[in-house]
file final08.pdb (PDB, C-alpha atoms)
MODEL        1
ATOM      1  CA  MET A   1     -66.970   6.934 -22.263
ATOM      2  CA  PHE A   2     -64.775   8.245 -19.439
ATOM      3  CA  GLY A   3     -65.091  11.778 -20.801
ATOM      4  CA  TYR A   4     -68.858  11.677 -20.462
ATOM      5  CA  LEU A   5     -68.592  10.192 -16.952
ATOM      6  CA  PHE A   6     -66.264  13.014 -15.916
ATOM      7  CA  LEU A   7     -68.596  15.552 -17.498
ATOM      8  CA  THR A   8     -71.536  14.061 -15.589
ATOM      9  CA  GLY A   9     -69.562  14.484 -12.372
ATOM     10  CA  ALA A  10     -68.892  18.125 -13.253
ATOM     11  CA  VAL A  11     -72.559  18.826 -14.001
ATOM     12  CA  LEU A  12     -73.807  17.158 -10.804
ATOM     13  CA  SER A  13     -71.186  18.983  -8.739
ATOM     14  CA  GLY A  14     -72.257  22.246 -10.335
ATOM     15  CA  ALA A  15     -75.882  21.466  -9.503
ATOM     16  CA  ALA A  16     -74.976  20.842  -5.856
ATOM     17  CA  ARG A  17     -73.074  24.118  -5.766
ATOM     18  CA  GLY A  18     -76.034  25.974  -7.273
ATOM     19  CA  PHE A  19     -78.462  24.417  -4.809
ATOM     20  CA  CYS A  20     -76.346  25.499  -1.828
ATOM     21  CA  ALA A  21     -75.850  28.963  -3.307
ATOM     22  CA  LYS A  22     -79.621  29.344  -3.557
ATOM     23  CA  ARG A  23     -80.053  28.184   0.031
ATOM     24  CA  THR A  24     -77.494  30.663   1.381
ATOM     25  CA  SER A  25     -78.443  33.668  -0.759
ATOM     26  CA  GLY A  26     -80.734  35.087   1.917
ATOM     27  CA  TYR A  27     -78.062  35.031   4.609
ATOM     28  CA  THR A  28     -75.677  37.513   2.981
ATOM     29  CA  PRO A  29     -77.271  40.963   3.457
ATOM     30  CA  ASN A  30     -74.956  42.892   1.127
ATOM     31  CA  THR A  31     -72.157  42.580  -1.422
ATOM     32  CA  ALA A  32     -69.379  42.815   1.173
ATOM     33  CA  ALA A  33     -70.915  39.939   3.138
ATOM     34  CA  ALA A  34     -71.212  37.881  -0.061
ATOM     35  CA  VAL A  35     -67.534  38.540  -0.868
ATOM     36  CA  PHE A  36     -66.520  37.459   2.641
ATOM     37  CA  THR A  37     -68.479  34.198   2.465
ATOM     38  CA  ASN A  38     -66.943  33.475  -0.948
ATOM     39  CA  ILE A  39     -63.475  33.968   0.544
ATOM     40  CA  ILE A  40     -64.315  31.292   3.101
ATOM     41  CA  ARG A  41     -65.707  29.051   0.375
ATOM     42  CA  LEU A  42     -62.564  29.405  -1.738
ATOM     43  CA  LEU A  43     -60.326  28.721   1.262
ATOM     44  CA  LEU A  44     -62.277  25.548   2.016
ATOM     45  CA  SER A  45     -62.085  24.586  -1.653
ATOM     46  CA  SER A  46     -58.314  25.128  -1.593
ATOM     47  CA  VAL A  47     -58.036  22.806   1.410
ATOM     48  CA  ALA A  48     -60.126  20.177  -0.383
ATOM     49  CA  ALA A  49     -57.894  20.401  -3.472
ATOM     50  CA  LEU A  50     -54.732  20.189  -1.357
ATOM     51  CA  LEU A  51     -55.937  17.163   0.609
ATOM     52  CA  PHE A  52     -57.025  15.402  -2.575
ATOM     53  CA  ALA A  53     -53.633  16.087  -4.161
ATOM     54  CA  LEU A  54     -51.787  14.780  -1.086
ATOM     55  CA  VAL A  55     -53.834  11.590  -1.066
ATOM     56  CA  THR A  56     -53.640  10.842  -4.787
ATOM     57  CA  THR A  57     -50.050  11.786  -5.591
ATOM     58  CA  ASP A  58     -46.624  12.335  -4.076
ATOM     59  CA  ARG A  59     -45.769  15.680  -2.524
ATOM     60  CA  GLY A  60     -43.280  16.453  -5.264
ATOM     61  CA  ALA A  61     -46.144  16.874  -7.716
ATOM     62  CA  LEU A  62     -47.388  19.791  -5.622
ATOM     63  CA  VAL A  63     -44.326  21.867  -6.452
ATOM     64  CA  PRO A  64     -45.547  24.093  -9.290
ATOM     65  CA  THR A  65     -43.602  24.719 -12.457
ATOM     66  CA  PRO A  66     -43.504  28.278 -13.817
ATOM     67  CA  LYS A  67     -45.790  27.149 -16.644
ATOM     68  CA  MET A  68     -48.351  25.718 -14.192
ATOM     69  CA  LEU A  69     -48.304  28.912 -12.139
ATOM     70  CA  LEU A  70     -48.925  31.030 -15.224
ATOM     71  CA  VAL A  71     -51.931  28.944 -16.266
ATOM     72  CA  ALA A  72     -53.184  28.863 -12.660
ATOM     73  CA  LEU A  73     -52.810  32.655 -12.551
ATOM     74  CA  LEU A  74     -55.047  32.964 -15.613
ATOM     75  CA  ALA A  75     -57.563  30.524 -14.112
ATOM     76  CA  GLY A  76     -57.490  32.157 -10.673
ATOM     77  CA  LEU A  77     -57.941  35.692 -11.962
ATOM     78  CA  SER A  78     -60.772  34.530 -14.228
ATOM     79  CA  THR A  79     -62.482  32.679 -11.373
ATOM     80  CA  ALA A  80     -62.242  35.706  -9.086
ATOM     81  CA  ALA A  81     -63.540  38.046 -11.815
ATOM     82  CA  LEU A  82     -66.454  35.669 -12.425
ATOM     83  CA  LEU A  83     -67.372  35.528  -8.734
ATOM     84  CA  VAL A  84     -67.203  39.293  -8.221
ATOM     85  CA  SER A  85     -69.087  40.166 -11.428
ATOM     86  CA  TRP A  86     -71.668  37.461 -10.656
ATOM     87  CA  LEU A  87     -72.286  38.938  -7.207
ATOM     88  CA  LEU A  88     -72.563  42.505  -8.457
ATOM     89  CA  ALA A  89     -74.750  41.548 -11.440
ATOM     90  CA  ALA A  90     -77.112  39.638  -9.164
ATOM     91  CA  ARG A  91     -77.344  42.689  -6.894
ATOM     92  CA  LYS A  92     -78.247  44.809  -9.922
ATOM     93  CA  SER A  93     -81.220  42.568 -10.807
ATOM     94  CA  ALA A  94     -79.446  41.169 -13.863
ATOM     95  CA  TYR A  95     -79.323  37.659 -12.434
ATOM     96  CA  MET A  96     -81.562  36.002 -15.014
ATOM     97  CA  MET A  97     -79.424  37.282 -17.863
ATOM     98  CA  LEU A  98     -76.274  35.711 -16.434
ATOM     99  CA  ASP A  99     -77.012  32.372 -18.112
ATOM    100  CA  VAL A 100     -77.143  34.114 -21.496
ATOM    101  CA  PHE A 101     -73.704  35.629 -21.097
ATOM    102  CA  LEU A 102     -72.220  32.524 -19.466
ATOM    103  CA  THR A 103     -73.424  30.538 -22.473
ATOM    104  CA  MET A 104     -71.877  33.066 -24.857
ATOM    105  CA  GLY A 105     -68.662  32.734 -22.849
ATOM    106  CA  VAL A 106     -68.455  29.134 -24.091
ATOM    107  CA  LEU A 107     -67.332  30.622 -27.415
ATOM    108  CA  ILE A 108     -63.940  31.409 -25.849
ATOM    109  CA  PRO A 109     -62.832  27.787 -25.236
ATOM    110  CA  LEU A 110     -64.458  26.691 -28.505
ATOM    111  CA  VAL A 111     -62.697  29.240 -30.686
ATOM    112  CA  GLY A 112     -59.518  29.203 -28.591
ATOM    113  CA  SER A 113     -59.168  25.420 -28.766
ATOM    114  CA  SER A 114     -59.835  25.479 -32.500
ATOM    115  CA  ILE A 115     -57.190  28.135 -33.177
ATOM    116  CA  CYS A 116     -54.541  27.130 -30.635
ATOM    117  CA  PHE A 117     -54.878  23.352 -30.557
ATOM    118  CA  GLY A 118     -56.495  22.495 -33.882
ATOM    119  CA  GLU A 119     -59.662  20.996 -32.394
ATOM    120  CA  GLU A 120     -62.396  20.670 -34.999
ATOM    121  CA  VAL A 121     -65.791  22.239 -34.425
ATOM    122  CA  ARG A 122     -68.296  20.707 -36.820
ATOM    123  CA  LEU A 123     -71.063  22.733 -38.435
ATOM    124  CA  THR A 124     -73.695  20.703 -36.586
ATOM    125  CA  GLN A 125     -71.993  21.572 -33.297
ATOM    126  CA  TRP A 126     -72.162  25.279 -34.130
ATOM    127  CA  ILE A 127     -75.853  24.805 -34.952
ATOM    128  CA  GLY A 128     -76.379  22.987 -31.652
ATOM    129  CA  PHE A 129     -74.641  25.793 -29.784
ATOM    130  CA  ALA A 130     -76.882  28.348 -31.533
ATOM    131  CA  ILE A 131     -79.979  26.350 -30.508
ATOM    132  CA  LEU A 132     -78.664  26.216 -26.940
ATOM    133  CA  PHE A 133     -78.176  29.980 -26.888
ATOM    134  CA  VAL A 134     -81.727  30.544 -28.161
ATOM    135  CA  ALA A 135     -82.991  28.224 -25.423
ATOM    136  CA  VAL A 136     -81.180  30.201 -22.744
ATOM    137  CA  ARG A 137     -82.402  33.502 -24.181
ATOM    138  CA  ILE A 138     -86.023  32.302 -24.152
ATOM    139  CA  MET A 139     -85.749  31.142 -20.546
ATOM    140  CA  CYS A 140     -84.435  34.567 -19.561
ATOM    141  CA  ALA A 141     -86.851  36.560 -21.733
ATOM    142  CA  TYR A 142     -89.014  37.679 -18.843
ATOM    143  CA  ASN A 143     -86.107  39.505 -17.173
ATOM    144  CA  ASN A 144     -87.096  42.868 -18.663
ATOM    145  CA  THR A 145     -90.767  42.414 -17.737
ATOM    146  CA  VAL A 146     -90.484  41.277 -14.114
ATOM    147  CA  LYS A 147     -87.342  43.219 -13.284
ATOM    148  CA  GLU A 148     -85.809  46.514 -14.229
ATOM    149  CA  LYS A 149     -84.297  46.889 -17.673
ATOM    150  CA  ILE A 150     -80.587  46.213 -17.930
ATOM    151  CA  THR A 151     -78.451  49.302 -17.414
ATOM    152  CA  VAL A 152     -75.057  49.992 -18.979
ATOM    153  CA  SER A 153     -73.294  49.091 -15.744
ATOM    154  CA  SER A 154     -75.230  45.794 -15.540
ATOM    155  CA  LEU A 155     -74.358  45.019 -19.153
ATOM    156  CA  VAL A 156     -70.652  45.585 -18.412
ATOM    157  CA  LEU A 157     -70.847  43.232 -15.423
ATOM    158  CA  LEU A 158     -72.580  40.598 -17.546
ATOM    159  CA  LEU A 159     -69.905  40.875 -20.227
ATOM    160  CA  ILE A 160     -67.178  40.492 -17.605
ATOM    161  CA  ALA A 161     -68.959  37.434 -16.181
ATOM    162  CA  GLY A 162     -69.268  35.794 -19.602
ATOM    163  CA  ILE A 163     -65.685  36.520 -20.628
ATOM    164  CA  SER A 164     -64.213  35.437 -17.288
ATOM    165  CA  SER A 165     -66.262  32.230 -17.300
ATOM    166  CA  GLY A 166     -65.069  31.373 -20.802
ATOM    167  CA  THR A 167     -61.466  32.233 -19.940
ATOM    168  CA  ALA A 168     -61.595  30.066 -16.803
ATOM    169  CA  ASP A 169     -62.848  27.152 -18.922
ATOM    170  CA  PHE A 170     -60.207  27.740 -21.591
ATOM    171  CA  SER A 171     -57.479  27.761 -18.929
ATOM    172  CA  GLN A 172     -58.395  24.149 -18.146
ATOM    173  CA  LYS A 173     -57.887  23.191 -21.777
ATOM    174  CA  ILE A 174     -54.584  25.123 -21.851
ATOM    175  CA  PHE A 175     -53.396  23.217 -18.779
ATOM    176  CA  ILE A 176     -54.298  19.846 -20.325
ATOM    177  CA  LYS A 177     -52.580  20.676 -23.624
ATOM    178  CA  LEU A 178     -49.439  22.430 -22.341
ATOM    179  CA  ILE A 179     -48.887  20.388 -19.171
ATOM    180  CA  PRO A 180     -50.221  16.917 -20.042
ATOM    181  CA  ASP A 181     -48.406  15.284 -17.108
ATOM    182  CA  GLY A 182     -49.351  17.996 -14.614
ATOM    183  CA  ASN A 183     -51.297  17.216 -11.444
ATOM    184  CA  ILE A 184     -54.863  18.459 -11.927
ATOM    185  CA  ALA A 185     -55.606  18.694  -8.193
ATOM    186  CA  ALA A 186     -52.450  20.769  -7.632
ATOM    187  CA  PHE A 187     -53.415  23.035 -10.532
ATOM    188  CA  HIS A 188     -56.819  23.697  -8.993
ATOM    189  CA  PHE A 189     -55.239  24.204  -5.558
ATOM    190  CA  TYR A 190     -53.138  27.081  -6.886
ATOM    191  CA  THR A 191     -56.094  28.367  -8.916
ATOM    192  CA  GLN A 192     -58.245  28.586  -5.779
ATOM    193  CA  LEU A 193     -55.453  30.247  -3.784
ATOM    194  CA  ILE A 194     -55.004  32.937  -6.431
ATOM    195  CA  ALA A 195     -58.756  33.514  -6.639
ATOM    196  CA  THR A 196     -58.890  33.775  -2.842
ATOM    197  CA  ALA A 197     -56.129  36.397  -2.826
ATOM    198  CA  VAL A 198     -58.038  38.488  -5.389
ATOM    199  CA  LEU A 199     -61.238  38.286  -3.336
ATOM    200  CA  VAL A 200     -59.355  39.322  -0.185
ATOM    201  CA  ILE A 201     -58.196  42.430  -2.045
ATOM    202  CA  THR A 202     -61.785  42.973  -3.208
ATOM    203  CA  TRP A 203     -62.994  42.727   0.402
ATOM    204  CA  PHE A 204     -60.831  45.703   1.370
ATOM    205  CA  VAL A 205     -62.075  47.706  -1.637
ATOM    206  CA  VAL A 206     -65.854  47.190  -1.585
ATOM    207  CA  PRO A 207     -67.935  49.483   0.659
ATOM    208  CA  LYS A 208     -68.808  47.851   3.987
ATOM    209  CA  GLU A 209     -71.401  48.585   6.610
ATOM    210  CA  GLN A 210     -70.380  48.474  10.245
ATOM    211  CA  GLY A 211     -70.652  44.949  11.612
ATOM    212  CA  THR A 212     -70.915  43.334   8.166
ATOM    213  CA  VAL A 213     -69.233  40.092   9.264
ATOM    214  CA  LYS A 214     -71.348  39.842  12.422
ATOM    215  CA  LYS A 215     -74.508  40.019  10.318
ATOM    216  CA  ILE A 216     -73.575  36.819   8.473
ATOM    217  CA  GLU A 217     -75.350  33.839  10.049
ATOM    218  CA  PHE A 218     -72.439  31.398   9.835
ATOM    219  CA  LYS A 219     -74.094  28.709  11.953
ATOM    220  CA  LYS A 220     -76.887  28.418   9.406
ATOM    221  CA  ILE A 221     -74.738  28.474   6.273
ATOM    222  CA  PHE A 222     -71.416  26.838   7.193
ATOM    223  CA  GLY A 223     -72.609  23.396   6.142
ATOM    224  CA  TYR A 224     -73.779  24.775   2.795
ATOM    225  CA  LEU A 225     -70.474  26.641   2.370
ATOM    226  CA  THR A 226     -68.565  23.411   2.970
ATOM    227  CA  VAL A 227     -70.605  21.526   0.359
ATOM    228  CA  MET A 228     -70.201  24.464  -2.044
ATOM    229  CA  ALA A 229     -66.435  24.437  -1.496
ATOM    230  CA  ILE A 230     -66.118  20.723  -2.189
ATOM    231  CA  SER A 231     -68.425  20.904  -5.208
ATOM    232  CA  LEU A 232     -66.510  23.928  -6.548
ATOM    233  CA  PHE A 233     -63.338  21.841  -6.555
ATOM    234  CA  THR A 234     -64.949  18.663  -7.898
ATOM    235  CA  ALA A 235     -66.815  20.527 -10.659
ATOM    236  CA  SER A 236     -63.591  22.118 -11.904
ATOM    237  CA  TYR A 237     -61.630  18.897 -11.407
ATOM    238  CA  PHE A 238     -64.066  16.701 -13.336
ATOM    239  CA  LYS A 239     -64.474  19.306 -16.064
ATOM    240  CA  THR A 240     -60.693  19.376 -16.534
ATOM    241  CA  LEU A 241     -60.629  15.579 -16.731
ATOM    242  CA  ALA A 242     -63.435  15.722 -19.301
ATOM    243  CA  ALA A 243     -61.481  18.318 -21.291
ATOM    244  CA  ASN A 244     -58.642  15.791 -21.491
ATOM    245  CA  GLU A 245     -60.953  13.196 -23.046
ATOM    246  CA  LEU A 246     -63.351  15.295 -25.151
ATOM    247  CA  SER A 247     -63.061  18.291 -27.445
ATOM    248  CA  ALA A 248     -64.000  21.768 -26.233
ATOM    249  CA  ALA A 249     -66.933  21.696 -28.676
ATOM    250  CA  LEU A 250     -68.429  18.884 -26.578
ATOM    251  CA  VAL A 251     -67.351  19.630 -23.006
ATOM    252  CA  TYR A 252     -68.342  23.250 -22.490
ATOM    253  CA  PRO A 253     -71.645  23.510 -24.397
ATOM    254  CA  LEU A 254     -72.809  20.187 -22.913
ATOM    255  CA  ASN A 255     -71.834  21.325 -19.417
ATOM    256  CA  GLN A 256     -73.644  24.657 -19.773
ATOM    257  CA  GLY A 257     -76.737  23.158 -21.399
ATOM    258  CA  ALA A 258     -77.109  20.276 -18.958
ATOM    259  CA  SER A 259     -76.581  22.656 -16.037
ATOM    260  CA  LEU A 260     -79.295  24.919 -17.420
ATOM    261  CA  ILE A 261     -81.839  22.091 -17.607
ATOM    262  CA  ILE A 262     -80.977  20.744 -14.148
ATOM    263  CA  SER A 263     -81.131  24.217 -12.613
ATOM    264  CA  ALA A 264     -84.598  24.837 -14.061
ATOM    265  CA  LEU A 265     -85.893  21.483 -12.814
ATOM    266  CA  MET A 266     -84.229  21.952  -9.424
ATOM    267  CA  ALA A 267     -85.817  25.388  -9.055
ATOM    268  CA  ALA A 268     -89.245  23.880  -9.726
ATOM    269  CA  VAL A 269     -88.850  20.857  -7.437
ATOM    270  CA  PHE A 270     -86.952  22.284  -4.467
ATOM    271  CA  PHE A 271     -87.772  25.990  -4.578
ATOM    272  CA  LYS A 272     -91.336  25.797  -5.957
ATOM    273  CA  GLU A 273     -90.540  28.165  -8.826
ATOM    274  CA  LYS A 274     -93.164  27.865 -11.537
ATOM    275  CA  ILE A 275     -91.985  26.629 -14.928
ATOM    276  CA  ASN A 276     -93.999  28.668 -17.422
ATOM    277  CA  LEU A 277     -94.422  28.143 -21.157
ATOM    278  CA  LYS A 278     -91.245  30.035 -22.062
ATOM    279  CA  ALA A 279     -89.206  27.989 -19.593
ATOM    280  CA  THR A 280     -90.694  24.759 -20.963
ATOM    281  CA  ILE A 281     -89.866  25.742 -24.550
ATOM    282  CA  GLY A 282     -86.376  26.724 -23.401
ATOM    283  CA  ILE A 283     -85.789  23.353 -21.737
ATOM    284  CA  ILE A 284     -86.970  21.492 -24.849
ATOM    285  CA  LEU A 285     -84.740  23.598 -27.109
ATOM    286  CA  ALA A 286     -81.788  23.124 -24.754
ATOM    287  CA  PHE A 287     -82.282  19.359 -24.940
ATOM    288  CA  ILE A 288     -82.443  19.526 -28.763
ATOM    289  CA  GLY A 289     -79.290  21.648 -28.759
ATOM    290  CA  LEU A 290     -77.440  19.109 -26.607
ATOM    291  CA  ILE A 291     -78.508  16.255 -28.876
ATOM    292  CA  THR A 292     -77.356  18.220 -31.937
ATOM    293  CA  ILE A 293     -73.958  18.982 -30.396
ATOM    294  CA  ASN A 294     -73.367  15.457 -29.181
ATOM    295  CA  ILE A 295     -74.827  13.156 -31.840
ATOM    296  CA  LEU A 296     -75.350  14.831 -35.217
TER     297      LEU A 296
ENDMDL
END
call {"tool": "encode", "arguments": {"input": "final08.pdb", "output": "C-alpha cells"}}
result
Amino acid sequence: MFGYLFLTGAVLSGAARGFCAKRTSGYTPNTAAAVFTNIIRLLLSSVAALLFALVTTDRGALVPTPKMLLVALLAGLSTAALLVSWLLAARKSAYMMLDVFLTMGVLIPLVGSSICFGEEVRLTQWIGFAILFVAVRIMCAYNNTVKEKITVSSLVLLLIAGISSGTADFSQKIFIKLIPDGNIAAFHFYTQLIATAVLVITWFVVPKEQGTVKKIEFKKIFGYLTVMAISLFTASYFKTLAANELSAALVYPLNQGASLIISALMAAVFFKEKINLKATIGIILAFIGLITINIL
C-alpha cells in the first residue's frame, strides 16, 4: 500500500514539474538560457533536499559514505545528461519522440534489477510494458508529419536521454539495495549538487549570445522555477521510497505510463491541445498496459 502511495506522490510531483516546464518554455530564448535556468532549478532543488534532510534526520546522516557518493555520482551524471539531451532534443524538434525513448529507458532498471538483485519480472509485466510502449509510440506517431523527420543527431540525443533516464532510475534502486539504511534526502542532495556542477560546466561550453542571462524574464518564471525545484526533489524522493517497497517492474513502468496519461490530459485541459484519435487510442492502450503490469 505504501509503495503505491509513494508512487502516486512521484507521479503528481512529476506532473507539477511538467506543468511548470510548459509554462516557462517560452521564456528561455535559446539553449544557453535553458541551461542557466536549469542550473537555478537544480540549486533550489538541492536546497530543498538539504532542508528536508536537516528537518527529518540528524546532521550526522548528511555525511556521505564513499558508497553513497559513488551512487550519487552515477545519479547526478545521469540526471545532468538527461537534462542536457532533453533540452537539445527539444530544440531539434524531436520533443514528441522523447516519451518513446524515456519509456524504452525503463528497460534499464527492469533488466538491471533482475540481474543484479534477483527481482522477478513476470511475463505479463513484459507484455504490459510492450503495450505501454506501443501506446507511447502511437501518441507520438504524428511527429514525422507535423515536424521535420528525425536526423541522426536528434536520434543520438534521444538515445542519450533514454539511457540517462533509465540509469538515473536504476541508481535509485542501487541506493536502496546497497545502502538500505542511507538517508534518501541526503542522497538526493548530493545527486542534485553533482548534476548542478555538470550543468555549470555545460554553461561554459554551449554557445551563448551576448546578454543571454539578461534576456531571461526571471520575474515571470521564478515562481515556476521554485515549484519545479521542489517537485524535482519530491518526485525523485517519492520514487526512491516506492522503489524500496515495490519491484522495478512495477515502479518505473507505472510511473512512466501514469505520467504519460496525466500529461496528455493536462495538455488538453490547461493548454488547449487537441486530443485526436491517435492520442485517445494511446491513452486507452497506456491504461490497459498499466492494468496488465499491475494486476495480471
call {"tool": "resolve_selection", "arguments": {"input": "final08.pdb", "expression": "the PyMOL selection byres ((chain A and resi 110) around 8)", "output": "PyMOL selection string"}}
result
chain A and resi 106-109+111-114+121+248-249+252
call {"tool": "closest_residue", "arguments": {"input": "final08.pdb", "among": "A:Thr31, A:Gln256, A:Ser153, A:Ser78", "to": "A:Met104", "atoms": "only C-alpha atoms"}}
result
A:Gln256
call {"tool": "atom_distance", "arguments": {"input": "final08.pdb", "atom1": "atom CA of A:Leu277", "atom2": "atom CA of A:Val134"}}
result
14.7 Å
call {"tool": "residues_around", "arguments": {"input": "final08.pdb", "residues": "A:Met1", "least_positions_apart": "6", "cutoff": "12 Å", "atoms": "only C-alpha atoms", "output": "VMD selection string"}}
result
chain A and resid 7 to 8 242 245 to 246
call {"tool": "atom_distance", "arguments": {"input": "final08.pdb", "atom1": "atom CA of A:Leu241", "atom2": "atom CA of A:Phe6"}}
result
6.2 Å
call {"tool": "residues_around", "arguments": {"input": "final08.pdb", "residues": "stretch 10-27 of chain A", "least_positions_apart": "3", "cutoff": "8 Å", "atoms": "only C-alpha atoms", "output": "count of residues only"}}
result
24
call {"tool": "resolve_selection", "arguments": {"input": "final08.pdb", "expression": "the PyMOL selection byres ((chain A and resi 174-182) around 10)", "output": "ChimeraX atom specification"}}
result
/A:61-62,64-65,67-68,70-72,75,109,112-113,116-117,168-173,183-187,240-241,243-245
call {"tool": "atom_distance", "arguments": {"input": "final08.pdb", "atom1": "atom CA of A:Leu132", "atom2": "atom CA of A:Thr292"}}
result
9.5 Å
call {"tool": "closest_residue", "arguments": {"input": "final08.pdb", "among": "A:Leu88, A:Ala80, A:Leu123, A:Ile230", "to": "A:Ser154", "atoms": "all atoms listed in the file"}}
result
A:Leu88
call {"tool": "residues_around", "arguments": {"input": "final08.pdb", "residues": "A:Ala33", "least_positions_apart": "6", "cutoff": "9 Å", "atoms": "only C-alpha atoms", "output": "NGL selection string"}}
result
:A and (27 or 203 or 208 or 212-213 or 215-216)
call {"tool": "write_last_selection", "arguments": {"input": "final08.pdb", "atoms": "C-alpha atoms", "output": "PDB file, keeping the file's coordinate frame"}}
result
ATOM      1  CA  TYR A  27     -78.062  35.031   4.609  1.00  0.00           C
ATOM      2  CA  TRP A 203     -62.994  42.727   0.402  1.00  0.00           C
ATOM      3  CA  LYS A 208     -68.808  47.851   3.987  1.00  0.00           C
ATOM      4  CA  THR A 212     -70.915  43.334   8.166  1.00  0.00           C
ATOM      5  CA  VAL A 213     -69.233  40.092   9.264  1.00  0.00           C
ATOM      6  CA  LYS A 215     -74.508  40.019  10.318  1.00  0.00           C
ATOM      7  CA  ILE A 216     -73.575  36.819   8.473  1.00  0.00           C
TER       8      ILE A 216
END
call {"tool": "axis_aligned_box", "arguments": {"input": "final08.pdb", "around": "stretch 196-210 of chain A", "padding_each_side": "8 Å", "output": "lines of an AutoDock Vina configuration file"}}
result
center_x = -63.8
center_y = 41.6
center_z = 2.4
size_x = 31.3
size_y = 31.7
size_z = 31.6
call {"tool": "residues_around", "arguments": {"input": "final08.pdb", "residues": "A:Ile291", "least_positions_apart": "2", "cutoff": "12 Å", "atoms": "all atoms listed in the file", "output": "JSON, numbers by chain"}}
result
{"A": [124, 125, 127, 128, 129, 131, 132, 250, 253, 254, 257, 258, 284, 285, 286, 287, 288, 289, 293, 294, 295, 296]}
call {"tool": "closest_atom_pairs", "arguments": {"input": "final08.pdb", "of": "stretch 118-196 of chain A", "to": "stretch 35-40 of chain A", "cutoff": "10 Å", "atoms": "only C-alpha atoms", "output": "JSON lines"}}
result
{"residue": "A:Gln192", "atom": "CA", "partner": "A:Ile39", "partner_atom": "CA", "distance": 9.8}
{"residue": "A:Leu193", "atom": "CA", "partner": "A:Ile39", "partner_atom": "CA", "distance": 9.8}
{"residue": "A:Ala195", "atom": "CA", "partner": "A:Ile39", "partner_atom": "CA", "distance": 8.6}
{"residue": "A:Thr196", "atom": "CA", "partner": "A:Ile39", "partner_atom": "CA", "distance": 5.7}
call {"tool": "closest_residue", "arguments": {"input": "final08.pdb", "among": "A:Phe270, A:Trp126, A:Tyr4, A:Trp86", "to": "A:Val156", "atoms": "all atoms listed in the file"}}
result
A:Trp86
call {"tool": "resolve_selection", "arguments": {"input": "final08.pdb", "expression": "the PyMOL selection byres ((chain A and resi 81) around 10)", "output": "list in words"}}
result
Ala75, Gly76, Leu77, Ser78, Thr79, Ala80, Leu82, Leu83, Val84, Ser85, Trp86, Leu87, Leu157, Ile160, Ala161, Gly162, Ile163, Ser164, Ser165, Ala168, Ala195, Val198 and Leu199 of chain A
call {"tool": "decode", "arguments": {"input": "final08.pdb", "residues": "stretch 162-173 of chain A", "atoms": "N, CA, C and O atoms", "output": "JSON list (two decimals), in the first residue's frame"}}
result
[["chain", "number", "residue", "atom", "x", "y", "z"],
["A", 162, "GLY", "N", 17.11, 8.62, -23.25],
["A", 162, "GLY", "CA", 16.51, 7.37, -22.76],
["A", 162, "GLY", "C", 17.44, 6.61, -21.84],
["A", 162, "GLY", "O", 17.03, 6.13, -20.77],
["A", 163, "ILE", "N", 18.71, 6.50, -22.24],
["A", 163, "ILE", "CA", 19.68, 5.76, -21.43],
["A", 163, "ILE", "C", 19.93, 6.47, -20.10],
["A", 163, "ILE", "O", 19.97, 5.83, -19.03],
["A", 164, "SER", "N", 20.09, 7.80, -20.14],
["A", 164, "SER", "CA", 20.36, 8.54, -18.91],
["A", 164, "SER", "C", 19.16, 8.51, -17.96],
["A", 164, "SER", "O", 19.32, 8.43, -16.74],
["A", 165, "SER", "N", 17.94, 8.55, -18.52],
["A", 165, "SER", "CA", 16.75, 8.46, -17.68],
["A", 165, "SER", "C", 16.68, 7.10, -16.99],
["A", 165, "SER", "O", 16.43, 7.01, -15.78],
["A", 166, "GLY", "N", 16.92, 6.04, -17.76],
["A", 166, "GLY", "CA", 16.92, 4.70, -17.17],
["A", 166, "GLY", "C", 18.01, 4.50, -16.14],
["A", 166, "GLY", "O", 17.79, 3.87, -15.09],
["A", 167, "THR", "N", 19.19, 5.06, -16.40],
["A", 167, "THR", "CA", 20.31, 4.93, -15.46],
["A", 167, "THR", "C", 20.03, 5.70, -14.18],
["A", 167, "THR", "O", 20.35, 5.24, -13.08],
["A", 168, "ALA", "N", 19.41, 6.89, -14.30],
["A", 168, "ALA", "CA", 19.05, 7.67, -13.12],
["A", 168, "ALA", "C", 18.05, 6.90, -12.26],
["A", 168, "ALA", "O", 18.16, 6.87, -11.03],
["A", 169, "ASP", "N", 17.08, 6.25, -12.90],
["A", 169, "ASP", "CA", 16.11, 5.44, -12.16],
["A", 169, "ASP", "C", 16.80, 4.24, -11.50],
["A", 169, "ASP", "O", 16.53, 3.92, -10.33],
["A", 170, "PHE", "N", 17.68, 3.58, -12.23],
["A", 170, "PHE", "CA", 18.35, 2.41, -11.68],
["A", 170, "PHE", "C", 19.24, 2.78, -10.50],
["A", 170, "PHE", "O", 19.42, 1.99, -9.56],
["A", 171, "SER", "N", 19.80, 4.00, -10.52],
["A", 171, "SER", "CA", 20.65, 4.43, -9.42],
["A", 171, "SER", "C", 19.86, 4.50, -8.12],
["A", 171, "SER", "O", 20.42, 4.25, -7.03],
["A", 172, "GLN", "N", 18.57, 4.82, -8.21],
["A", 172, "GLN", "CA", 17.73, 4.84, -7.02],
["A", 172, "GLN", "C", 17.59, 3.43, -6.44],
["A", 172, "GLN", "O", 17.65, 3.23, -5.22],
["A", 173, "LYS", "N", 17.39, 2.46, -7.32],
["A", 173, "LYS", "CA", 17.28, 1.07, -6.86],
["A", 173, "LYS", "C", 18.61, 0.60, -6.28],
["A", 173, "LYS", "O", 18.64, -0.12, -5.27]]
